[in-house]
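What follows is one structure encoded as structure tokens, with my remarks underneath.
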Amino acid sequence: MNSVTVSSSASTAAVEDRVRELLDRMTLTEKVGQMSQVNVGDGPVQDFLVDDIRAGRIGSVLNTVDANVVNELQRLALEESRLGIPLLVGRDVIHGFRTVMPIPLGQAATWNPDIVQDAARVAAQEAAACGVNWTFAPMIDVARDPRWGRIAESLGEDPLLTAVLGAAMVRGFQGDTPGGQQSVAACGKHFAGYGAAESGRDYAATNIPENELRNVHLRPFKAAIDAGLCSVMTSFSDVDGVPATANSFLLRTVLREEWGFRGIAVSDWDSVKQLNVHGLTASDRDAAFEAASAGLDMEMHGDAFRHHLEDLVEQGILSPTQIDSAVANILRIKFSLGLFDRPLTTAKPEDPTTSEEALAIARESALQSIVMLKNEHRVLPLSPESTRSIALIGPLANAARDQLGTWIFDGDPALSVTPVQAIQSLLGPAATIHHVPALETTRSRQITGLDEALFAARQADVVVAFVGEEAILSGEAHSRADIHLPGAQPDLLRQLKACGKPVVAVVMAGRPLVLTDVVDDVDAILFAAHPGTMGGPAIADLLFGIESPSGKLPATFPRMVGQVPIYYAQKNTGRPPTPSSIVLIDDIDADADQLSTGMTAYHLDAGFTPLFPFGFGLSYADFEYTNLRLSAAEMRTDESLDISVDLTNTGDCVATEVVQLYVRDLVGSVTRPVRELKAFRRVRLAPGERNRVTFCLHADDLAFFDRNNRLAVEAGEFHVWVGGSSAAELKGAFVLRESEPA
Ligand code: GLC
């Protein structure tokens, strides 16, 4: 789709003419109607909905995916309202529609914008067939707190990875042709800074200094808008005292004045009236005024706009210009989507809900999303030939619904292929497969199936334990203060280890977990962020070496939850810790002097490093990084620099490595992170194959918001690292100098 902000001037002029012409014919009631989105839900269409659509008092609906209902509502709007303005039909199509892809946190672990875009395209095709023309995705909140349930929906902790993959989702959802049967409008959410909720408790307040907001949280939204994003959704959260839904700095200063965004700003569910609950306003009327005057265009599932905006304008309190601007944004998207020309879906209820292509993309996405965190003594891959007896233990080995993860309103668990099913299919009838759930749920505190599980383990050549979190333990309003494996799962793993057989843990979850208490009880760990419909075959392919793991962590795994927030792109502080500068709690002498433990930034009982860092992931191959070279030792602020490295597969199988480039700006007008991801690339190599990987780093890639919160490139010394994680050691340096005066 051509973006409403950057499409060709001809289409923009034509659209603007149509917007202006229509706006001039609209009554105030019809304008406020466009600013109102109403929940349809399941069941028969309520009479008020029919009446209000006929009267032009509704511009958008959400939460109906019955093609017949959608087409009837669109027909009412087109044929029985005065101006025939089609409806925006919204739905949360977050990581798939019927065919479910890995949760976004898992898709982020692929570090592959192409597969992420393909997954979004498939989701758009399936949703558009039901009449949906607007998805409330991508969720591009930078998430650095694994306690937060919505980290599951995020693309992780890094602004660049989130920006690149979020933009890929926008392109996948919106496609190349406006409003075709194969695409839906995208919605970047939640604008902005939602991931900084205090203590990771969902909906909690955020306090984000403007410099941090601009350097971290806003970057993915700007990238998504540059990719043609049609809309943004405000976050529920209080942003430095002014909830996002009524925050004019976000909605007007940044979104419109700085970025020139001309799409829709929609509230979150009833978040306009929640301004009263926040304590920003004392009535729905005030809430409607605050939100509309701050620059909110549409109210999702609330009635503050519907009940109060007309009167606020007629009383001269709210400017009619404000209303016209909001309605113009909404009409602009409707015209750009082609809704006036093709509003109805032609799909039939009996149409297939998935396709071979969709399932293949779901399988490839799941395969690339799984991260190998441990592989002691190369216990993996298992041999399909010599594995004659295998014990599949745990509550997530055969959980068709839970492997889909959160936010799958329309996902079909009947399409799921579970690990038990996939392993049975891969090994065939000759192998003995003993599946024991052992626990009723991942939260169970009693191992009701312990005896059977231990018996199966003793009989088997290898034990694969499927542990983690059920889908309900992450997602909206599902934050956890303790992020260990829930319930008796750690005890189950310990008891399985005691059976003396190799134990592989497959951890399915919606967040990074604290695995410190179990990491020594298993020989290998595969982390599968709820891998979706085809999670089973993907896990089986990796377990048995059909493919090598290639996933890399998009978010840090802490040793203890008390370390949170812990992320790689941290600031250096004035007293950075080093391994030699710290004394851990068990090593402190009884009469230790106050200054004896090293006066640096670490926890006595946890140190200062994570269990597994951002960007980390193992492979069945071994990759060697050598000959890091920079094309110059200096670069001007108007130039670029090539940074290259030799990557060799020194292993014995074909495998893919995600090569990552990190940079540190040693001195800035504000302090800069100790490392920042600047580029990455998936590279597939055969055994013994060597490839020279080159990144072109432009000075503009080093830009950041400076002490005056202006985007700037500052001369100075930089370090670079290239490797397979944020802990990369291969290091180089260059100096950035001011460009020569013209
Ligand atoms: C929810 C979520 C938002 C979602 C919306 C519609 O509360 O915060 O992400 O798109 O409501 O379901």
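Residues are referred to by chain and number: the chain letter is A, B, ... according to the order shown in the structure tokens, the number counts from 1 in that chain, and ligands are numbered separately from 1 in the order shown.
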At a cut-off of 12 Å, can you tabulate as a tab-separated table every residue of segment 103-172 of chain A near segment 43-66 of chain A together with its closest atom pair and the distance in Å to one decimal, using only C-alpha atoms and ordering rows by chain then number?
residue	atom	partner	partner_atom	distance
A:Glu126	CA	A:Val65	CA	10.4
A:Ala127	CA	A:Val65	CA	7.8
A:Ala128	CA	A:Val65	CA	9.2
A:Ala129	CA	A:Val65	CA	9.1
A:Cys130	CA	A:Val65	CA	5.4
A:Gly131	CA	A:Val65	CA	6.7
A:Val132	CA	A:Val65	CA	6.7
A:Asn133	CA	A:Leu62	CA	10.1
A:Trp134	CA	A:Leu62	CA	8.9
A:Thr135	CA	A:Leu62	CA	9.6
A:Phe136	CA	A:Leu62	CA	10.0
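For ligand 1, the neighbouring protein, DNA and RNA residues, which are those within 8 Å when only C-alpha atoms and all ligand atoms are counted, are Leu62, Asn63, Arg91, Asp92, Phe136, Ala137, Met139, Lys189, His190, Met233, Ser235, Phe236, Asp268, Trp269, Met300 and Glu476 of chain A.
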Selected residue of minimal separation from Ala168 of chain A among A:Pro673, A:Gly193, A:Gly149, A:Pro220, counting only C-alpha atoms: A:Pro220
Within 6 Å of segment 567-582 of chain A using only C-alpha atoms, minus same-chain residues under 3 positions, as a PyMOL selection string: chain A and resi 556+597-598+600-601+673-676
Atom CA of Gly500 of chain A to atom CA of Ala460 of chain A, straight-line distance in Å: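 Separation between atom CA of Ala460 of chain A and atom CA of Gly500 of chain A: 10.4 Å.
Pairwise distance (atom CA of Ile408 of chain A, atom CA of Gly617 of chain A) equals 27.0 Å.
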DSSP strand (DSSP E) residues within segment 397-593 of chain A, listed as a VMD selection string: chain A and resid 432 to 436 462 to 468 503 to 509 524 to 529
Sel. of helix (DSSP H, G or I) residues, segment 172-232 of chain A, as a PyMOL selection string: chain A and resi 172-174+194-196+198-200+210-217+219-226
Sorted by chain and rising residue number, which residues of segment 31-147 of chain A lie within 12 Å of segment 282-294 of chain A, and what are their closest atom pairs and distances in Å to one decimal, counting only C-alpha atoms, as JSON lines?
{"residue": "A:Val32", "atom": "CA", "partner": "A:Ala292", "partner_atom": "CA", "distance": 10.6}
{"residue": "A:Met35", "atom": "CA", "partner": "A:Ala292", "partner_atom": "CA", "distance": 9.6}
{"residue": "A:Ser36", "atom": "CA", "partner": "A:Ala288", "partner_atom": "CA", "distance": 11.5}
Export of the given selection (N, CA and C atoms) as a PDB file, in the first residue's frame:
ATOM      1  N   VAL A  32     -18.735  13.406  14.039  1.00  0.00           N
ATOM      2  CA  VAL A  32     -18.475  12.732  15.324  1.00  0.00           C
ATOM      3  C   VAL A  32     -18.688  11.231  15.164  1.00  0.00           C
ATOM      4  N   MET A  35     -15.681   9.412  14.232  1.00  0.00           N
ATOM      5  CA  MET A  35     -14.691   9.347  15.331  1.00  0.00           C
ATOM      6  C   MET A  35     -15.062   8.297  16.373  1.00  0.00           C
ATOM      7  N   SER A  36     -16.119   7.517  16.062  1.00  0.00           N
ATOM      8  CA  SER A  36     -16.613   6.553  17.047  1.00  0.00           C
ATOM      9  C   SER A  36     -16.505   5.134  16.532  1.00  0.00           C
TER      10      SER A  36
END
Give me the residues within 9 Å of Asn247 of chain A as a compact mmCIF listing (two decimals) with N, CA and C atoms, in the first residue's frame, counting only C-alpha atoms and dropping any in the same chain fewer than 2 places off.
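Writing done, so here's selection35.txt:
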# COMPACT_ATOMS: atom_id res chain seq x y z
N VAL A 239 1.71 8.64 31.05
CA VAL A 239 3.06 8.95 30.56
C VAL A 239 3.52 10.24 31.23
N VAL A 242 0.58 12.43 32.25
CA VAL A 242 -0.52 12.68 31.31
C VAL A 242 -0.74 11.40 30.50
N PRO A 243 -1.82 10.67 30.74
CA PRO A 243 -2.06 9.44 29.99
C PRO A 243 -1.96 9.67 28.48
N ALA A 244 -1.42 8.68 27.80
CA ALA A 244 -1.13 8.80 26.36
C ALA A 244 -2.37 9.21 25.58
N THR A 245 -3.53 8.78 26.00
CA THR A 245 -4.77 9.04 25.26
C THR A 245 -5.11 10.52 25.18
N PHE A 249 1.71 16.15 23.74
CA PHE A 249 3.11 16.09 23.31
C PHE A 249 3.28 14.92 22.36
N LEU A 250 2.71 13.77 22.70
CA LEU A 250 2.80 12.60 21.84
C LEU A 250 1.94 12.77 20.58
N LEU A 251 0.66 13.11 20.79
CA LEU A 251 -0.30 13.06 19.68
C LEU A 251 -0.19 14.23 18.73
N ARG A 252 0.30 15.37 19.21
CA ARG A 252 0.38 16.52 18.32
C ARG A 252 1.84 16.89 18.03
N GLU A 290 -10.51 16.48 26.64
CA GLU A 290 -9.05 16.35 26.78
C GLU A 290 -8.47 15.50 25.66
N ALA A 291 -9.14 14.38 25.36
CA ALA A 291 -8.60 13.47 24.34
C ALA A 291 -8.68 14.09 22.96
N ALA A 294 -6.33 16.98 22.51
CA ALA A 294 -4.91 16.57 22.48
C ALA A 294 -4.53 15.99 21.13
N GLY A 295 -5.56 15.60 20.33
CA GLY A 295 -5.26 15.10 18.99
C GLY A 295 -5.69 13.67 18.74
N LEU A 296 -6.54 13.11 19.62
CA LEU A 296 -7.05 11.75 19.37
C LEU A 296 -8.13 11.83 18.30
Nearby residues (only C-alpha atoms) at most 8 Å from Ala632 of chain A, same-chain spacing under 4 positions excluded, as a PyMOL selection string: chain A and resi 641-642+734
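Minimum distance to Gln117 of chain A across A:Leu359, A:Ile370, A:Val69, A:Leu165 (counting only C-alpha atoms) occurs at A:Leu165.
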Exercise: Gly487 of chain A partners within 12 Å, only C-alpha atoms, chain neighbours under 5 positions left out, as an MDAnalysis selection string: chainID A and resid 394:395 439:447 467:470 482 492:493
Non-local contacts of Ala728 of chain A (10 Å; only C-alpha atoms; under 3 positions in same chain excluded) as a compact mmCIF listing (two decimals) with N, CA, C and O atoms, in the first residue's frame:
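Output file around37.txt is given in full below:
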# COMPACT_ATOMS: atom_id res chain seq x y z
N GLY A 615 20.57 -11.39 21.96
CA GLY A 615 21.26 -11.78 20.75
C GLY A 615 21.91 -13.15 20.80
O GLY A 615 22.45 -13.63 19.80
N PHE A 616 21.80 -13.82 21.98
CA PHE A 616 22.45 -15.12 22.17
C PHE A 616 21.59 -16.26 21.60
O PHE A 616 20.37 -16.22 21.67
N TYR A 625 34.45 -16.13 13.97
CA TYR A 625 34.52 -14.75 13.47
C TYR A 625 35.99 -14.33 13.46
O TYR A 625 36.63 -14.33 14.49
N VAL A 659 24.52 -12.71 12.22
CA VAL A 659 25.70 -11.88 12.47
C VAL A 659 25.22 -10.51 12.93
O VAL A 659 24.34 -9.91 12.30
N GLN A 660 25.80 -10.04 14.04
CA GLN A 660 25.29 -8.81 14.65
C GLN A 660 26.41 -7.77 14.76
O GLN A 660 27.52 -8.11 15.15
N LEU A 661 26.05 -6.52 14.45
CA LEU A 661 27.02 -5.42 14.56
C LEU A 661 26.57 -4.48 15.69
O LEU A 661 25.44 -3.99 15.69
N TYR A 662 27.46 -4.28 16.65
CA TYR A 662 27.18 -3.37 17.77
C TYR A 662 28.18 -2.23 17.76
O TYR A 662 29.34 -2.41 17.36
N VAL A 720 33.42 -0.76 17.84
CA VAL A 720 32.48 -1.65 17.16
C VAL A 720 32.79 -3.10 17.54
O VAL A 720 33.94 -3.43 17.84
N TRP A 721 31.73 -3.91 17.57
CA TRP A 721 31.90 -5.34 17.80
C TRP A 721 31.05 -6.07 16.74
O TRP A 721 29.94 -5.61 16.41
N VAL A 722 31.55 -7.21 16.29
CA VAL A 722 30.76 -8.06 15.40
C VAL A 722 30.81 -9.47 15.95
O VAL A 722 31.88 -9.97 16.34
N GLY A 723 29.63 -10.09 16.07
CA GLY A 723 29.60 -11.46 16.60
C GLY A 723 28.20 -12.03 16.62
O GLY A 723 27.28 -11.45 16.05
N GLY A 724 28.07 -13.12 17.37
CA GLY A 724 26.80 -13.84 17.39
C GLY A 724 25.91 -13.53 18.56
O GLY A 724 24.93 -14.23 18.82
N SER A 725 26.25 -12.46 19.30
CA SER A 725 25.37 -12.01 20.39
C SER A 725 25.84 -10.64 20.85
O SER A 725 26.90 -10.14 20.42
N LYS A 731 36.54 -6.91 18.21
CA LYS A 731 36.34 -5.47 18.42
C LYS A 731 37.19 -4.63 17.48
O LYS A 731 38.32 -5.02 17.14
